[in-house]
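Engineer: Got a structure here, written out as structure tokens. Questions coming.
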2 protein chains.
Amino acid sequence: MDAKENNTLIYGKNPTLEAILNNPKRINKIYIQNNISYDNKLKKIIDCANLNKIIIQKTSLQKFKEHFDNDVNFQGVIASVSPVEYIELDDFLNIKKEGYKKLIILDSINDPHNLGAIIRTAVCAGFDGIMLSNHRSCPVNSTVEKISSGAINHIPIIKTTSLSAGIDLLKKNDFWVIATQMQAKDNYYEIDYTDMNFALVMGSEGSGISKTILNKADFTVKIESNFESLNVSLASAIIMYEALRQIKTKK
Amino acid sequence: MDAKENNTLIYGKNPTLEAILNNPKRINKIYIQNNISYDNKLKKIIDCANLNKIIIQKTSLQKFKEHFDNDVNFQGVIASVSPVEYIELDDFLNIKKEGYKKLIILDSINDPHNLGAIIRTAVCAGFDGIMLSNHRSCPVNSTVEKISSGAINHIPIIKTTSLSAGIDLLKKNDFWVIATQMQAKDNYYEIDYTDMNFALVMGSEGSGISKTILNKADFTVKIESNFESLNVSLASAIIMYEALRQIKTKK
């Protein structure tokens, strides 16, 4: 339950339904109380949530009481809302830009501190967008917003239900996919980042990048280390800044 | 008071005195209770601490009770001990190495998470040492050890009472000093790191590097950003890995 991490909450059926109808992309998760009776409004919430692939989490009354404000009559429903407007990958691809686009894709980054740090660095390094999985990522919540120093409002954040399908669409649109992997043969600085649209895929420290996505990558690269592997926010910064260095020194 | 951050503590007069006499470098700080009567042993502790430039912090009985284990008879004296053996700069300079040495100097890095992350990255990037100020740095305590994933035991850590005097000694020993500064003219990748012993100086996000040290630098470099400045652990990683990239691609 990430509710305590996220202070943007919507309490009750009507406000939740309104939020789904108006801005479904912005909803990170909907909590519904266990064993509650399903009236028409709740059924509509669930239908709309399913239609928009929003995660529904069944939660006991006790957990609701532990994690949320007790004084609000929440009617068994609470929606957790992102402080950021996510965009569709199509909309990202339609953004006009002179020169090539640089995207960073995060696979299973569940720690809000890492996510916030990576978003901030992506903005610092002039990246054009960030793509996250709906189900396999920490949501962009207020902790992420804080750690990013507000950088979440300075870069398009694409939330997709399938990173794999997203990568297919990127490849069809002339993006090259670079995945990072400890076992890769090439070093990250042996790639030429200056001559292509590219998407850099970073995985979590624990599980790395999923096999399906690794198989779709055009390049896999590693960062050498004399010790353990680097934390994902440091690894991301090193590669993003190498790309920026190449672009700046080529001009 | 960093006591809670540091679980390596020595309680009482005799153990503290013994620790100072045996291994003064390892003591981060000595806490002495306010208004305690100074017997010969306590006087000797204070003399030895002053001789070794160990920080003494006068502390109220209440604070002792809040921050330390209550059940121990501490006799008004507690020493906080580092989990790492610091070394002298002279000893670092005497370490034999084929090729050039790479040192990172941290000026006023007070956050143990940043310090731990930088030490870990320095080991990953194959740096030869880290230099900290005795008075203007977070001590290498157990939080730093944890964040560094134990990397503190894989690199010499030099603790000096004056970074400025340390830098003078480094320069006399054929080290070039590179300081990072937002306002610098040159980018960090415009320096050739392959042909010299160098010391990279990183400052805190808040106050940066002190003027005295900036004035001693042979080069000042910046990291470009389209947003705010980068966190010091990310900035350190970017520059250390650029140095490593240059060294690896030159061979």
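Ligands are numbered from 1 in the order shown, residues from 1 within each chain, and chains are lettered A, B, ... in the order they appear in the structure tokens.
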Taking the DSSP secondary structure from the backbone, can you list the residues of segment 51-228 of chain B that are helix (DSSP H, G or I), as a PyMOL selection string?
Structural biologist: chain B and resi 51+61-67+89-94+112-124+142-147+151-154+163-172+188-190+211-216
Engineer: Could the residues of chain B within 9 Å of chain A, counting only C-alpha atoms, be given as an MDAnalysis selection string, please?
Structural biologist: chainID B and resid 117 120:121 123:126 149 151 154 189 224:231 233:235 237:239 241:242 245
Engineer: Keeping only N, CA and C atoms, write those residues as a PDB file, in the first residue's frame.
Structural biologist:
ATOM      1  N   ALA B 117      27.062   6.646  -0.986  1.00  0.00           N
ATOM      2  CA  ALA B 117      26.908   6.420  -2.430  1.00  0.00           C
ATOM      3  C   ALA B 117      28.187   6.809  -3.173  1.00  0.00           C
ATOM      4  N   ARG B 120      30.929   4.191  -2.636  1.00  0.00           N
ATOM      5  CA  ARG B 120      30.636   2.998  -3.446  1.00  0.00           C
ATOM      6  C   ARG B 120      30.999   3.238  -4.913  1.00  0.00           C
ATOM      7  N   THR B 121      30.585   4.386  -5.447  1.00  0.00           N
ATOM      8  CA  THR B 121      30.880   4.666  -6.854  1.00  0.00           C
ATOM      9  C   THR B 121      32.372   4.801  -7.092  1.00  0.00           C
ATOM     10  N   VAL B 123      34.733   3.221  -5.604  1.00  0.00           N
ATOM     11  CA  VAL B 123      35.281   1.862  -5.697  1.00  0.00           C
ATOM     12  C   VAL B 123      34.898   1.238  -7.046  1.00  0.00           C
ATOM     13  N   CYS B 124      33.631   1.401  -7.444  1.00  0.00           N
ATOM     14  CA  CYS B 124      33.182   0.868  -8.744  1.00  0.00           C
ATOM     15  C   CYS B 124      34.026   1.428  -9.891  1.00  0.00           C
ATOM     16  N   ALA B 125      34.345   2.714  -9.825  1.00  0.00           N
ATOM     17  CA  ALA B 125      35.059   3.383 -10.920  1.00  0.00           C
ATOM     18  C   ALA B 125      36.576   3.232 -10.796  1.00  0.00           C
ATOM     19  N   GLY B 126      37.018   2.474  -9.812  1.00  0.00           N
ATOM     20  CA  GLY B 126      38.451   2.206  -9.682  1.00  0.00           C
ATOM     21  C   GLY B 126      39.275   3.373  -9.181  1.00  0.00           C
ATOM     22  N   SER B 149      27.370  -0.327   0.724  1.00  0.00           N
ATOM     23  CA  SER B 149      27.400  -1.799   0.564  1.00  0.00           C
ATOM     24  C   SER B 149      28.742  -2.376   0.979  1.00  0.00           C
ATOM     25  N   ALA B 151      31.588  -0.936   0.666  1.00  0.00           N
ATOM     26  CA  ALA B 151      32.687  -0.442  -0.175  1.00  0.00           C
ATOM     27  C   ALA B 151      33.729   0.333   0.635  1.00  0.00           C
ATOM     28  N   HIS B 154      37.042  -1.188   0.857  1.00  0.00           N
ATOM     29  CA  HIS B 154      37.752  -1.485  -0.384  1.00  0.00           C
ATOM     30  C   HIS B 154      38.508  -0.297  -0.956  1.00  0.00           C
ATOM     31  N   TYR B 189      33.989  17.117 -19.303  1.00  0.00           N
ATOM     32  CA  TYR B 189      34.554  16.180 -20.278  1.00  0.00           C
ATOM     33  C   TYR B 189      35.623  16.830 -21.158  1.00  0.00           C
ATOM     34  N   GLU B 224      26.852  20.435 -17.249  1.00  0.00           N
ATOM     35  CA  GLU B 224      25.705  21.169 -17.784  1.00  0.00           C
ATOM     36  C   GLU B 224      24.397  20.587 -17.280  1.00  0.00           C
ATOM     37  N   SER B 225      23.395  21.431 -17.121  1.00  0.00           N
ATOM     38  CA  SER B 225      22.078  20.937 -16.744  1.00  0.00           C
ATOM     39  C   SER B 225      21.003  21.837 -17.336  1.00  0.00           C
ATOM     40  N   ASN B 226      19.935  21.222 -17.814  1.00  0.00           N
ATOM     41  CA  ASN B 226      18.779  21.971 -18.296  1.00  0.00           C
ATOM     42  C   ASN B 226      17.812  22.282 -17.165  1.00  0.00           C
ATOM     43  N   PHE B 227      18.179  21.897 -15.969  1.00  0.00           N
ATOM     44  CA  PHE B 227      17.278  22.076 -14.818  1.00  0.00           C
ATOM     45  C   PHE B 227      18.174  22.528 -13.667  1.00  0.00           C
ATOM     46  N   GLU B 228      17.839  22.148 -12.470  1.00  0.00           N
ATOM     47  CA  GLU B 228      18.687  22.505 -11.336  1.00  0.00           C
ATOM     48  C   GLU B 228      19.991  21.709 -11.373  1.00  0.00           C
ATOM     49  N   SER B 229      20.914  22.031 -10.453  1.00  0.00           N
ATOM     50  CA  SER B 229      22.162  21.273 -10.415  1.00  0.00           C
ATOM     51  C   SER B 229      21.878  19.855  -9.916  1.00  0.00           C
ATOM     52  N   LEU B 230      22.731  18.947 -10.302  1.00  0.00           N
ATOM     53  CA  LEU B 230      22.565  17.544  -9.915  1.00  0.00           C
ATOM     54  C   LEU B 230      22.948  17.326  -8.465  1.00  0.00           C
ATOM     55  N   ASN B 231      22.362  16.353  -7.861  1.00  0.00           N
ATOM     56  CA  ASN B 231      22.766  15.887  -6.532  1.00  0.00           C
ATOM     57  C   ASN B 231      24.252  15.492  -6.583  1.00  0.00           C
ATOM     58  N   SER B 233      26.021  13.122  -5.359  1.00  0.00           N
ATOM     59  CA  SER B 233      26.429  11.729  -5.616  1.00  0.00           C
ATOM     60  C   SER B 233      26.300  11.405  -7.105  1.00  0.00           C
ATOM     61  N   LEU B 234      25.288  11.975  -7.778  1.00  0.00           N
ATOM     62  CA  LEU B 234      25.147  11.778  -9.222  1.00  0.00           C
ATOM     63  C   LEU B 234      26.261  12.521  -9.966  1.00  0.00           C
ATOM     64  N   ALA B 235      26.521  13.759  -9.559  1.00  0.00           N
ATOM     65  CA  ALA B 235      27.572  14.544 -10.218  1.00  0.00           C
ATOM     66  C   ALA B 235      28.927  13.840 -10.087  1.00  0.00           C
ATOM     67  N   ALA B 237      29.462  10.633  -9.714  1.00  0.00           N
ATOM     68  CA  ALA B 237      29.448   9.426 -10.555  1.00  0.00           C
ATOM     69  C   ALA B 237      29.708   9.793 -12.011  1.00  0.00           C
ATOM     70  N   ILE B 238      29.078  10.851 -12.494  1.00  0.00           N
ATOM     71  CA  ILE B 238      29.231  11.253 -13.900  1.00  0.00           C
ATOM     72  C   ILE B 238      30.695  11.599 -14.194  1.00  0.00           C
ATOM     73  N   ILE B 239      31.332  12.346 -13.320  1.00  0.00           N
ATOM     74  CA  ILE B 239      32.720  12.757 -13.589  1.00  0.00           C
ATOM     75  C   ILE B 239      33.690  11.584 -13.397  1.00  0.00           C
ATOM     76  N   TYR B 241      33.124   8.451 -13.816  1.00  0.00           N
ATOM     77  CA  TYR B 241      32.995   7.521 -14.938  1.00  0.00           C
ATOM     78  C   TYR B 241      33.487   8.124 -16.253  1.00  0.00           C
ATOM     79  N   GLU B 242      33.442   9.458 -16.384  1.00  0.00           N
ATOM     80  CA  GLU B 242      34.036  10.079 -17.566  1.00  0.00           C
ATOM     81  C   GLU B 242      35.558   9.885 -17.533  1.00  0.00           C
ATOM     82  N   ARG B 245      36.173   6.316 -18.473  1.00  0.00           N
ATOM     83  CA  ARG B 245      35.943   6.128 -19.913  1.00  0.00           C
ATOM     84  C   ARG B 245      37.170   6.574 -20.707  1.00  0.00           C
TER      85      ARG B 245
END
Engineer: Have a look at A:Ser162, A:Ser137, A:Ser204, A:Asn153 and name the one nearest to Leu89 of chain A; count only C-alpha atoms.
Structural biologist: A:Ser162
Engineer: Excluding Ile27 of chain A and its own-chain neighbours fewer than 6 positions away, which residues fall within 12 Å of it when counting only C-alpha atoms? Please give them as a PyMOL selection string.
Structural biologist: chain A and resi 6+8-10+16-21+48-49+52-56+78-86+134+139-141+159
Engineer: Could you check how far atom CA of Gly166 of chain A sits from atom CA of Asp91 of chain A, in Å to one decimal?
Structural biologist: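 Spanning atom CA of Gly166 of chain A to atom CA of Asp91 of chain A is a straight-line distance of 12.4 Å.
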Engineer: Using DSSP assignments from the backbone, pull out every residue in segment 108-213 of chain A that falls under strand (DSSP E or B) and give it to me as a list in words.
Structural biologist: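 DSSP-assigned strand (DSSP E or B) residues in segment 108-213 of chain A: Gly129, Ile130, Met131, Leu132, Ser133, Ile157, Ile158, Lys159, Thr160, Phe175, Trp176, Val177, Ile178, Ala179, Thr180, Asp186, Asn187, Asn197, Phe198, Ala199, Leu200, Val201, Met202, Gly203, Ser204 and Gly208 of chain A.
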Engineer: With distances taken over only C-alpha atoms, which of B:Thr161, B:Asn215, B:Asn114, B:Asn73 is nearest to Cys138 of chain B?
Structural biologist: B:Asn114
Engineer: Provide the atom CA of Ile95 of chain A to atom CA of Gly129 of chain A distance in Å, to one decimal place.
Structural biologist: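 Between these atoms lies a distance of 10.5 Å.
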